[in-house]
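Structure file my_file.pdb; described as PDB, C-alpha atoms, pLDDT in the B column.
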ATOM      1  CA  MET A  27      -2.725   4.637  11.466  1.00 46.00           C
ATOM      2  CA  VAL A  28      -2.694   7.697   9.271  1.00 57.00           C
ATOM      3  CA  ASP A  29      -3.065   6.941   5.601  1.00 71.00           C
ATOM      4  CA  ASP A  30      -0.273   8.829   3.843  1.00 86.00           C
ATOM      5  CA  ALA A  31      -1.129   7.652   0.359  1.00 94.00           C
ATOM      6  CA  PHE A  32      -1.115  10.511  -2.093  1.00 97.00           C
ATOM      7  CA  ARG A  33      -4.524  11.573  -3.388  1.00 98.00           C
ATOM      8  CA  VAL A  34      -5.891  14.231  -5.731  1.00 98.00           C
ATOM      9  CA  GLU A  35      -9.471  15.490  -5.742  1.00 98.00           C
ATOM     10  CA  LEU A  36     -10.120  17.842  -8.642  1.00 98.00           C
ATOM     11  CA  SER A  37     -12.616  20.640  -8.156  1.00 97.00           C
ATOM     12  CA  ASP A  38     -15.820  20.472 -10.204  1.00 95.00           C
ATOM     13  CA  ASP A  39     -14.797  23.582 -12.135  1.00 94.00           C
ATOM     14  CA  LEU A  40     -11.356  22.133 -12.913  1.00 94.00           C
ATOM     15  CA  ASP A  41      -9.818  25.280 -11.488  1.00 97.00           C
ATOM     16  CA  GLY A  42      -8.207  23.579  -8.543  1.00 98.00           C
ATOM     17  CA  ALA A  43      -7.687  20.446  -6.525  1.00 98.00           C
ATOM     18  CA  ARG A  44      -7.232  19.148  -3.036  1.00 98.00           C
ATOM     19  CA  LEU A  45      -3.980  17.278  -2.513  1.00 98.00           C
ATOM     20  CA  SER A  46      -3.455  14.959   0.416  1.00 98.00           C
ATOM     21  CA  GLY A  47      -0.809  12.587   1.649  1.00 98.00           C
ATOM     22  CA  GLU A  48       2.799  12.442   0.546  1.00 98.00           C
ATOM     23  CA  LEU A  49       3.892  13.762  -2.862  1.00 98.00           C
ATOM     24  CA  ASP A  50       7.301  12.378  -3.825  1.00 97.00           C
ATOM     25  CA  LEU A  51       9.287  11.061  -6.786  1.00 95.00           C
ATOM     26  CA  LEU A  52       7.532   7.699  -6.774  1.00 95.00           C
ATOM     27  CA  VAL A  53       4.033   9.205  -7.136  1.00 97.00           C
ATOM     28  CA  TYR A  54       5.090  12.037  -9.443  1.00 96.00           C
ATOM     29  CA  GLU A  55       3.706  10.405 -12.582  1.00 96.00           C
ATOM     30  CA  LYS A  56       0.405   9.646 -10.898  1.00 97.00           C
ATOM     31  CA  ALA A  57       0.195  13.240  -9.671  1.00 98.00           C
ATOM     32  CA  ASP A  58       1.072  14.614 -13.103  1.00 98.00           C
ATOM     33  CA  VAL A  59      -1.687  12.611 -14.754  1.00 98.00           C
ATOM     34  CA  ALA A  60      -4.226  13.506 -12.065  1.00 98.00           C
ATOM     35  CA  LEU A  61      -3.480  17.237 -12.269  1.00 98.00           C
ATOM     36  CA  SER A  62      -3.221  17.395 -16.062  1.00 98.00           C
ATOM     37  CA  PRO A  63      -6.676  19.018 -16.542  1.00 98.00           C
ATOM     38  CA  LEU A  64      -5.462  21.971 -14.464  1.00 98.00           C
ATOM     39  CA  PHE A  65      -2.693  22.698 -16.951  1.00 98.00           C
ATOM     40  CA  GLU A  66      -5.457  23.804 -19.339  1.00 97.00           C
ATOM     41  CA  ALA A  67      -7.262  25.959 -16.772  1.00 97.00           C
ATOM     42  CA  PRO A  68      -8.417  29.287 -18.264  1.00 96.00           C
ATOM     43  CA  GLY A  69      -7.578  31.327 -15.145  1.00 97.00           C
ATOM     44  CA  ASP A  70      -6.296  31.070 -11.588  1.00 98.00           C
ATOM     45  CA  VAL A  71      -5.684  27.624 -10.145  1.00 98.00           C
ATOM     46  CA  THR A  72      -5.921  26.916  -6.428  1.00 98.00           C
ATOM     47  CA  LEU A  73      -4.412  23.838  -4.828  1.00 98.00           C
ATOM     48  CA  ASP A  74      -5.561  23.048  -1.299  1.00 98.00           C
ATOM     49  CA  VAL A  75      -2.517  21.530   0.376  1.00 98.00           C
ATOM     50  CA  SER A  76      -3.770  21.521   3.951  1.00 97.00           C
ATOM     51  CA  ASP A  77      -3.660  17.712   4.046  1.00 97.00           C
ATOM     52  CA  LEU A  78      -0.394  17.455   2.131  1.00 98.00           C
ATOM     53  CA  THR A  79       1.990  15.980   4.692  1.00 97.00           C
ATOM     54  CA  PHE A  80       5.119  15.729   2.553  1.00 98.00           C
ATOM     55  CA  ILE A  81       6.519  17.185  -0.654  1.00 98.00           C
ATOM     56  CA  ASP A  82       9.939  16.732  -2.270  1.00 97.00           C
ATOM     57  CA  SER A  83      11.710  18.314  -5.263  1.00 96.00           C
ATOM     58  CA  SER A  84       9.588  16.238  -7.656  1.00 95.00           C
ATOM     59  CA  GLY A  85       6.409  17.718  -6.232  1.00 97.00           C
ATOM     60  CA  ILE A  86       7.943  21.185  -6.368  1.00 97.00           C
ATOM     61  CA  ARG A  87       8.785  20.548 -10.023  1.00 95.00           C
ATOM     62  CA  LEU A  88       5.152  19.687 -10.727  1.00 97.00           C
ATOM     63  CA  PHE A  89       3.963  22.968  -9.229  1.00 98.00           C
ATOM     64  CA  VAL A  90       6.601  24.893 -11.185  1.00 96.00           C
ATOM     65  CA  ARG A  91       5.424  23.254 -14.412  1.00 96.00           C
ATOM     66  CA  LEU A  92       1.799  24.039 -13.569  1.00 98.00           C
ATOM     67  CA  GLU A  93       2.584  27.701 -12.874  1.00 98.00           C
ATOM     68  CA  ARG A  94       4.427  27.939 -16.157  1.00 96.00           C
ATOM     69  CA  ALA A  95       1.500  26.388 -18.021  1.00 97.00           C
ATOM     70  CA  ILE A  96      -1.093  28.846 -16.702  1.00 98.00           C
ATOM     71  CA  ARG A  97       1.163  31.890 -16.413  1.00 97.00           C
ATOM     72  CA  ASP A  98      -0.434  33.791 -19.294  1.00 97.00           C
ATOM     73  CA  ARG A  99      -3.925  33.182 -17.970  1.00 97.00           C
ATOM     74  CA  GLY A 100      -3.792  33.140 -14.191  1.00 98.00           C
ATOM     75  CA  VAL A 101      -1.986  32.690 -10.908  1.00 98.00           C
ATOM     76  CA  LEU A 102      -1.259  29.459  -9.023  1.00 98.00           C
ATOM     77  CA  HIS A 103      -2.337  29.540  -5.381  1.00 98.00           C
ATOM     78  CA  LEU A 104      -1.152  27.015  -2.809  1.00 98.00           C
ATOM     79  CA  ARG A 105      -3.536  27.209   0.109  1.00 98.00           C
ATOM     80  CA  GLY A 106      -3.437  25.858   3.646  1.00 98.00           C
ATOM     81  CA  ALA A 107       0.209  24.815   3.779  1.00 97.00           C
ATOM     82  CA  SER A 108       1.438  23.581   7.151  1.00 96.00           C
ATOM     83  CA  PRO A 109       4.454  25.438   8.578  1.00 96.00           C
ATOM     84  CA  HIS A 110       6.884  22.797   7.299  1.00 96.00           C
ATOM     85  CA  ILE A 111       5.336  22.606   3.835  1.00 97.00           C
ATOM     86  CA  ALA A 112       5.186  26.402   3.605  1.00 97.00           C
ATOM     87  CA  ARG A 113       8.860  26.554   4.513  1.00 96.00           C
ATOM     88  CA  VAL A 114       9.724  24.040   1.788  1.00 98.00           C
ATOM     89  CA  PHE A 115       7.809  26.221  -0.709  1.00 98.00           C
ATOM     90  CA  GLU A 116       9.803  29.258   0.437  1.00 97.00           C
ATOM     91  CA  VAL A 117      13.166  27.499   0.334  1.00 97.00           C
ATOM     92  CA  ALA A 118      12.340  26.165  -3.124  1.00 96.00           C
ATOM     93  CA  GLY A 119      11.674  29.719  -4.301  1.00 96.00           C
ATOM     94  CA  LEU A 120       8.060  29.272  -5.345  1.00 97.00           C
ATOM     95  CA  PRO A 121       6.957  32.788  -4.297  1.00 97.00           C
ATOM     96  CA  ASP A 122       9.685  34.194  -6.535  1.00 96.00           C
ATOM     97  CA  LEU A 123       7.952  32.516  -9.469  1.00 96.00           C
ATOM     98  CA  GLY A 124       4.710  34.324  -8.684  1.00 96.00           C
ATOM     99  CA  ILE A 125       3.122  31.373  -6.908  1.00 98.00           C
ATOM    100  CA  VAL A 126       0.982  32.580  -4.023  1.00 98.00           C
ATOM    101  CA  VAL A 127       1.564  30.576  -0.855  1.00 97.00           C
ATOM    102  CA  GLU A 128      -1.223  30.916   1.699  1.00 91.00           C
ATOM    103  CA  GLY A 129      -0.430  29.223   4.981  1.00 76.00           C
ATOM    104  CA  ALA A 130      -2.814  27.265   7.140  1.00 70.00           C
ATOM    105  CA  GLY A 131      -3.269  30.258   9.380  1.00 64.00           C
ATOM    106  CA  ASP A 132      -4.212  32.652   6.593  1.00 57.00           C
ATOM    107  CA  ALA A 133      -7.778  33.706   5.926  1.00 49.00           C
TER     108      ALA A 133
ATOM    109  CA  MET B  22      32.238   2.973  10.537  1.00 61.00           C
ATOM    110  CA  HIS B  23      28.818   2.054  11.892  1.00 69.00           C
ATOM    111  CA  GLU B  24      28.351   1.479  15.606  1.00 74.00           C
ATOM    112  CA  PRO B  25      26.391  -1.571  16.836  1.00 69.00           C
ATOM    113  CA  SER B  26      23.786   0.769  18.305  1.00 80.00           C
ATOM    114  CA  ASP B  27      23.052   2.411  14.928  1.00 92.00           C
ATOM    115  CA  ALA B  28      19.726   1.603  13.326  1.00 96.00           C
ATOM    116  CA  VAL B  29      20.106   0.254   9.793  1.00 97.00           C
ATOM    117  CA  GLN B  30      17.595  -0.662   7.102  1.00 97.00           C
ATOM    118  CA  THR B  31      18.270  -2.009   3.636  1.00 97.00           C
ATOM    119  CA  TYR B  32      15.758  -1.510   0.857  1.00 97.00           C
ATOM    120  CA  PRO B  33      15.549  -2.885  -2.674  1.00 95.00           C
ATOM    121  CA  ALA B  34      16.048   0.038  -5.037  1.00 93.00           C
ATOM    122  CA  GLU B  35      13.036  -1.153  -7.064  1.00 93.00           C
ATOM    123  CA  SER B  36      10.640  -0.975  -4.120  1.00 95.00           C
ATOM    124  CA  THR B  37       7.652   1.221  -4.951  1.00 93.00           C
ATOM    125  CA  SER B  38       7.326   2.177  -1.295  1.00 95.00           C
ATOM    126  CA  LEU B  39      11.026   2.808  -0.704  1.00 97.00           C
ATOM    127  CA  LEU B  40      10.774   6.537  -0.083  1.00 97.00           C
ATOM    128  CA  ALA B  41       7.771   6.254   2.231  1.00 97.00           C
ATOM    129  CA  ASP B  42       9.403   3.385   4.125  1.00 97.00           C
ATOM    130  CA  VAL B  43      12.623   5.353   4.573  1.00 98.00           C
ATOM    131  CA  ARG B  44      10.699   8.376   5.804  1.00 98.00           C
ATOM    132  CA  ARG B  45       8.932   6.330   8.426  1.00 98.00           C
ATOM    133  CA  PHE B  46      12.158   4.679   9.538  1.00 98.00           C
ATOM    134  CA  VAL B  47      14.022   7.974   9.865  1.00 98.00           C
ATOM    135  CA  ALA B  48      11.115   9.721  11.591  1.00 98.00           C
ATOM    136  CA  THR B  49      10.806   6.907  14.130  1.00 97.00           C
ATOM    137  CA  GLU B  50      14.524   6.684  14.886  1.00 97.00           C
ATOM    138  CA  SER B  51      15.187  10.423  15.045  1.00 97.00           C
ATOM    139  CA  GLY B  52      11.937  11.421  16.750  1.00 96.00           C
ATOM    140  CA  PRO B  53      13.239  10.999  20.314  1.00 95.00           C
ATOM    141  CA  TYR B  54      16.226  13.271  19.606  1.00 96.00           C
ATOM    142  CA  LEU B  55      14.916  16.089  17.385  1.00 97.00           C
ATOM    143  CA  GLU B  56      12.008  18.520  17.509  1.00 97.00           C
ATOM    144  CA  GLN B  57       9.293  17.818  14.944  1.00 97.00           C
ATOM    145  CA  PRO B  58      10.283  20.616  12.523  1.00 97.00           C
ATOM    146  CA  SER B  59      13.815  19.217  12.466  1.00 98.00           C
ATOM    147  CA  VAL B  60      12.469  15.716  11.877  1.00 98.00           C
ATOM    148  CA  HIS B  61      10.480  17.039   8.904  1.00 98.00           C
ATOM    149  CA  ASP B  62      13.586  18.706   7.493  1.00 98.00           C
ATOM    150  CA  LEU B  63      15.696  15.580   7.918  1.00 98.00           C
ATOM    151  CA  VAL B  64      13.029  13.352   6.370  1.00 98.00           C
ATOM    152  CA  LEU B  65      12.975  15.590   3.287  1.00 98.00           C
ATOM    153  CA  ALA B  66      16.766  15.545   3.003  1.00 98.00           C
ATOM    154  CA  VAL B  67      16.851  11.756   3.259  1.00 98.00           C
ATOM    155  CA  THR B  68      14.129  11.453   0.642  1.00 98.00           C
ATOM    156  CA  GLU B  69      16.173  13.543  -1.783  1.00 96.00           C
ATOM    157  CA  ALA B  70      19.283  11.444  -1.139  1.00 95.00           C
ATOM    158  CA  CYS B  71      17.377   8.194  -1.686  1.00 95.00           C
ATOM    159  CA  ALA B  72      15.654   9.582  -4.763  1.00 93.00           C
ATOM    160  CA  ASN B  73      19.067  10.196  -6.264  1.00 89.00           C
ATOM    161  CA  SER B  74      20.009   6.584  -5.552  1.00 89.00           C
ATOM    162  CA  ILE B  75      16.860   5.378  -7.250  1.00 88.00           C
ATOM    163  CA  ARG B  76      17.207   7.563 -10.299  1.00 83.00           C
ATOM    164  CA  HIS B  77      20.887   7.633 -11.003  1.00 76.00           C
ATOM    165  CA  SER B  78      22.964   5.063  -9.202  1.00 74.00           C
ATOM    166  CA  GLY B  79      22.011   1.831 -10.904  1.00 80.00           C
ATOM    167  CA  SER B  80      22.272   0.188  -7.501  1.00 87.00           C
ATOM    168  CA  ASP B  81      20.150  -2.802  -6.452  1.00 91.00           C
ATOM    169  CA  GLU B  82      19.889  -1.661  -2.863  1.00 94.00           C
ATOM    170  CA  VAL B  83      19.775   1.425  -0.727  1.00 96.00           C
ATOM    171  CA  ARG B  84      21.041   1.232   2.867  1.00 97.00           C
ATOM    172  CA  VAL B  85      19.964   3.837   5.396  1.00 98.00           C
ATOM    173  CA  THR B  86      21.652   4.171   8.778  1.00 98.00           C
ATOM    174  CA  VAL B  87      20.540   6.391  11.645  1.00 98.00           C
ATOM    175  CA  ALA B  88      23.160   7.266  14.256  1.00 97.00           C
ATOM    176  CA  VAL B  89      22.726   9.558  17.231  1.00 96.00           C
ATOM    177  CA  ASN B  90      25.628  11.576  18.577  1.00 92.00           C
ATOM    178  CA  GLY B  91      24.751  13.932  21.405  1.00 91.00           C
ATOM    179  CA  SER B  92      22.087  16.310  20.128  1.00 93.00           C
ATOM    180  CA  CYS B  93      22.758  15.413  16.509  1.00 97.00           C
ATOM    181  CA  VAL B  94      21.314  12.770  14.241  1.00 98.00           C
ATOM    182  CA  GLU B  95      23.469  11.534  11.390  1.00 98.00           C
ATOM    183  CA  ILE B  96      21.866   9.706   8.495  1.00 98.00           C
ATOM    184  CA  THR B  97      23.932   7.717   6.038  1.00 98.00           C
ATOM    185  CA  VAL B  98      22.457   6.736   2.675  1.00 97.00           C
ATOM    186  CA  GLU B  99      24.568   4.195   0.849  1.00 95.00           C
ATOM    187  CA  ASP B 100      24.181   2.513  -2.470  1.00 93.00           C
ATOM    188  CA  ASP B 101      26.422   0.420  -4.682  1.00 91.00           C
ATOM    189  CA  GLY B 102      26.314   2.724  -7.666  1.00 83.00           C
ATOM    190  CA  VAL B 103      27.302   6.049  -9.039  1.00 73.00           C
ATOM    191  CA  TYR B 104      25.944   9.411  -7.805  1.00 66.00           C
ATOM    192  CA  ARG B 105      25.240  11.461 -10.858  1.00 65.00           C
ATOM    193  CA  MET B 106      25.744  15.168 -10.343  1.00 63.00           C
ATOM    194  CA  SER B 107      24.670  16.673 -13.632  1.00 58.00           C
ATOM    195  CA  LEU B 108      25.905  20.116 -14.543  1.00 54.00           C
ATOM    196  CA  PRO B 109      23.299  22.861 -14.742  1.00 53.00           C
ATOM    197  CA  VAL B 110      21.878  22.825 -18.236  1.00 51.00           C
ATOM    198  CA  ASN B 111      19.393  25.356 -19.475  1.00 47.00           C
ATOM    199  CA  ASP B 112      16.694  22.842 -20.287  1.00 48.00           C
ATOM    200  CA  GLY B 113      14.097  24.935 -18.525  1.00 49.00           C
ATOM    201  CA  ASP B 114      13.680  22.501 -15.680  1.00 52.00           C
ATOM    202  CA  PRO B 115      16.723  21.680 -13.555  1.00 51.00           C
ATOM    203  CA  GLY B 116      14.937  19.075 -11.490  1.00 56.00           C
ATOM    204  CA  SER B 117      17.892  17.266 -10.024  1.00 60.00           C
ATOM    205  CA  HIS B 118      19.564  20.487  -8.942  1.00 83.00           C
ATOM    206  CA  ARG B 119      16.471  21.464  -7.054  1.00 91.00           C
ATOM    207  CA  GLY B 120      16.685  18.163  -5.183  1.00 92.00           C
ATOM    208  CA  MET B 121      20.340  18.627  -4.282  1.00 90.00           C
ATOM    209  CA  TYR B 122      19.640  22.205  -3.194  1.00 93.00           C
ATOM    210  CA  LEU B 123      16.689  21.200  -1.025  1.00 96.00           C
ATOM    211  CA  MET B 124      18.711  18.409   0.544  1.00 96.00           C
ATOM    212  CA  ALA B 125      21.494  20.845   1.451  1.00 97.00           C
ATOM    213  CA  ALA B 126      19.065  23.474   2.760  1.00 97.00           C
ATOM    214  CA  MET B 127      17.362  21.046   5.119  1.00 98.00           C
ATOM    215  CA  VAL B 128      20.402  19.905   7.098  1.00 98.00           C
ATOM    216  CA  ASP B 129      23.241  21.421   9.119  1.00 98.00           C
ATOM    217  CA  ASP B 130      25.939  19.556   7.242  1.00 98.00           C
ATOM    218  CA  PHE B 131      26.216  16.960   4.535  1.00 97.00           C
ATOM    219  CA  SER B 132      28.765  15.155   2.427  1.00 96.00           C
ATOM    220  CA  VAL B 133      28.634  13.117  -0.750  1.00 92.00           C
ATOM    221  CA  HIS B 134      31.274  10.510  -1.341  1.00 91.00           C
ATOM    222  CA  ARG B 135      30.603   9.681  -4.933  1.00 86.00           C
ATOM    223  CA  GLY B 136      30.950   6.291  -6.503  1.00 78.00           C
ATOM    224  CA  THR B 137      32.391   6.103  -9.978  1.00 77.00           C
ATOM    225  CA  ALA B 138      32.308   3.482 -12.701  1.00 77.00           C
ATOM    226  CA  ALA B 139      35.723   2.304 -11.531  1.00 83.00           C
ATOM    227  CA  HIS B 140      34.889   2.365  -7.832  1.00 82.00           C
ATOM    228  CA  ALA B 141      31.144   2.036  -7.326  1.00 83.00           C
ATOM    229  CA  GLY B 142      29.442   2.834  -4.050  1.00 89.00           C
ATOM    230  CA  THR B 143      28.064   6.215  -3.095  1.00 90.00           C
ATOM    231  CA  THR B 144      27.642   7.441   0.466  1.00 94.00           C
ATOM    232  CA  VAL B 145      25.633  10.491   1.423  1.00 95.00           C
ATOM    233  CA  ARG B 146      25.873  11.696   5.010  1.00 97.00           C
ATOM    234  CA  LEU B 147      23.342  14.102   6.461  1.00 98.00           C
ATOM    235  CA  LEU B 148      23.667  15.818   9.839  1.00 98.00           C
ATOM    236  CA  LYS B 149      20.833  17.473  11.720  1.00 98.00           C
ATOM    237  CA  CYS B 150      21.374  18.893  15.191  1.00 97.00           C
ATOM    238  CA  GLU B 151      18.986  20.296  17.714  1.00 93.00           C
ATOM    239  CA  SER B 152      20.299  23.606  18.951  1.00 76.00           C
TER     240      SER B 152
END
Write-out of the structure in structure tokens:
Amino acid sequence: MVDDAFRVELSDDLDGARLSGELDLLVYEKADVALSPLFEAPGDVTLDVSDLTFIDSSGIRLFVRLERAIRDRGVLHLRGASPHIARVFEVAGLPDLGIVVEGAGDA
Amino acid sequence: MHEPSDAVQTYPAESTSLLADVRRFVATESGPYLEQPSVHDLVLAVTEACANSIRHSGSDEVRVTVAVNGSCVEITVEDDGVYRMSLPVNDGDPGSHRGMYLMAAMVDDFSVHRGTAAHAGTTVRLLKCES
């Protein structure tokens, strides 16, 4: 049985994190708290979303807020998105905000 | 009108696992009829509809029905409350509009029959067809 519980692993340098599981409205607060150090990052932030199996508008909102917070200092990268997750990012307009979406197949 | 063969689940609106439970239910019931990308799309749309029930309706329960009609899956999300469609306000973060937009973008057709204070009970219908 696959464990879909949402999890955040911050990088040692606090310039990124690995997200896994399902990010939705009901874990939004938990995600916000867990990612809060990244809002103060001095430069680019990279989120590894290769094990993120679900994201809804709440999760999208969190990424939008994060991009806005670091905008003057760096770029938000979303790396390793599955085809479905990448499509949700596109439909939600994240690339238009300057968020760099790197799919699972990208180098 | 629901057919006897429809799959129905009722969830307490306060359930902390409501959205995950609904996703699993919808994925299981629609899996035999839709390709996986379409299942993913439908699961997202249903999540957005249920999230609206949780946040805005004031309802005690959320009822989710899965019906199959030919190559289409129709999901009905019902609650006993009021569907709040807030007008776009420049507060810098139109979260609920993003949800409504995503829901619409993920399905082939949808409808919202909104409950009001006078006549409570909101029904969202979502249609996803395999071409």
Can you pull out every residue within 9 Å of stretch 35-39 of chain B, counting all atoms listed in the file, but drop anything in the same chain fewer than 3 positions away, and send it as a PDB file with C-alpha atoms, keeping the file's coordinate frame?
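Listing of selection_7.pdb after writing:
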ATOM      1  CA  LEU A  52       7.532   7.699  -6.774  1.00 95.00           C
TER       2      LEU A  52
ATOM      3  CA  TYR B  32      15.758  -1.510   0.857  1.00 97.00           C
ATOM      4  CA  ASP B  42       9.403   3.385   4.125  1.00 97.00           C
ATOM      5  CA  VAL B  43      12.623   5.353   4.573  1.00 98.00           C
ATOM      6  CA  ARG B  44      10.699   8.376   5.804  1.00 98.00           C
ATOM      7  CA  CYS B  71      17.377   8.194  -1.686  1.00 95.00           C
ATOM      8  CA  ILE B  75      16.860   5.378  -7.250  1.00 88.00           C
ATOM      9  CA  ASP B  81      20.150  -2.802  -6.452  1.00 91.00           C
ATOM     10  CA  GLU B  82      19.889  -1.661  -2.863  1.00 94.00           C
ATOM     11  CA  VAL B  83      19.775   1.425  -0.727  1.00 96.00           C
TER      12      VAL B  83
END
With the cut-off set at 8 Å and counting all atoms listed in the file, tabulate each residue of chain A with an atom at most that distance from an atom of chain B, showing the nearest atom pair and its distance in Å to one decimal, ordered by chain and increasing number, as a tab-separated table.
residue	atom	partner	partner_atom	distance
A:Asp50	CA	B:Leu40	CA	7.8
A:Leu51	CA	B:Ala72	CA	6.8
A:Leu52	CA	B:Thr37	CA	6.7
A:Phe80	CA	B:Leu65	CA	7.9
A:Ile81	CA	B:Leu65	CA	7.7
A:Asp82	CA	B:Leu65	CA	6.4
A:Ser83	CA	B:Gly120	CA	5.0
A:Ser84	CA	B:Gly116	CA	7.2
A:Arg87	CA	B:Gly116	CA	6.5
A:His110	CA	B:Pro58	CA	6.6
A:Val117	CA	B:Leu123	CA	7.3
A:Ala118	CA	B:Leu123	CA	6.9
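The shortest atom-to-atom distance to A:Val53, with only C-alpha atoms taken into account, belongs to A:Leu88 out of A:Glu93, A:Leu88, A:Leu40, A:Val75.
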Could you tell me which residues the PyMOL selection byres ((chain A and resi 42) around 10) grabs in this file, written as a PDB file with C-alpha atoms, in the coordinates of the input?
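Here's the written file part.pdb:
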ATOM      1  CA  GLU A  35      -9.471  15.490  -5.742  1.00 98.00           C
ATOM      2  CA  LEU A  36     -10.120  17.842  -8.642  1.00 98.00           C
ATOM      3  CA  SER A  37     -12.616  20.640  -8.156  1.00 97.00           C
ATOM      4  CA  ASP A  38     -15.820  20.472 -10.204  1.00 95.00           C
ATOM      5  CA  ASP A  39     -14.797  23.582 -12.135  1.00 94.00           C
ATOM      6  CA  LEU A  40     -11.356  22.133 -12.913  1.00 94.00           C
ATOM      7  CA  ASP A  41      -9.818  25.280 -11.488  1.00 97.00           C
ATOM      8  CA  ALA A  43      -7.687  20.446  -6.525  1.00 98.00           C
ATOM      9  CA  ARG A  44      -7.232  19.148  -3.036  1.00 98.00           C
ATOM     10  CA  LEU A  45      -3.980  17.278  -2.513  1.00 98.00           C
ATOM     11  CA  LEU A  61      -3.480  17.237 -12.269  1.00 98.00           C
ATOM     12  CA  PRO A  63      -6.676  19.018 -16.542  1.00 98.00           C
ATOM     13  CA  LEU A  64      -5.462  21.971 -14.464  1.00 98.00           C
ATOM     14  CA  ALA A  67      -7.262  25.959 -16.772  1.00 97.00           C
ATOM     15  CA  ASP A  70      -6.296  31.070 -11.588  1.00 98.00           C
ATOM     16  CA  VAL A  71      -5.684  27.624 -10.145  1.00 98.00           C
ATOM     17  CA  THR A  72      -5.921  26.916  -6.428  1.00 98.00           C
ATOM     18  CA  LEU A  73      -4.412  23.838  -4.828  1.00 98.00           C
ATOM     19  CA  ASP A  74      -5.561  23.048  -1.299  1.00 98.00           C
ATOM     20  CA  LEU A 102      -1.259  29.459  -9.023  1.00 98.00           C
ATOM     21  CA  HIS A 103      -2.337  29.540  -5.381  1.00 98.00           C
ATOM     22  CA  LEU A 104      -1.152  27.015  -2.809  1.00 98.00           C
TER      23      LEU A 104
END
Distance in Å - atom CA of B:Thr137 versus atom CA of B:Val103
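If I compute the distance from atom CA of B:Thr137 to atom CA of B:Val103, I get 5.2 Å.
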Output of the PyMOL selection byres ((chain B and resi 85-90) around 6), listed as a ChimeraX atom specification
/B:27-30,84,91,93-98
Include C-alpha atoms and write out the residues we just selected as a tab-separated table (two decimals), keeping the file's coordinate frame.
chain	number	residue	atom	x	y	z
B	27	ASP	CA	23.05	2.41	14.93
B	28	ALA	CA	19.73	1.60	13.33
B	29	VAL	CA	20.11	0.25	9.79
B	30	GLN	CA	17.60	-0.66	7.10
B	84	ARG	CA	21.04	1.23	2.87
B	91	GLY	CA	24.75	13.93	21.40
B	93	CYS	CA	22.76	15.41	16.51
B	94	VAL	CA	21.31	12.77	14.24
B	95	GLU	CA	23.47	11.53	11.39
B	96	ILE	CA	21.87	9.71	8.49
B	97	THR	CA	23.93	7.72	6.04
B	98	VAL	CA	22.46	6.74	2.68
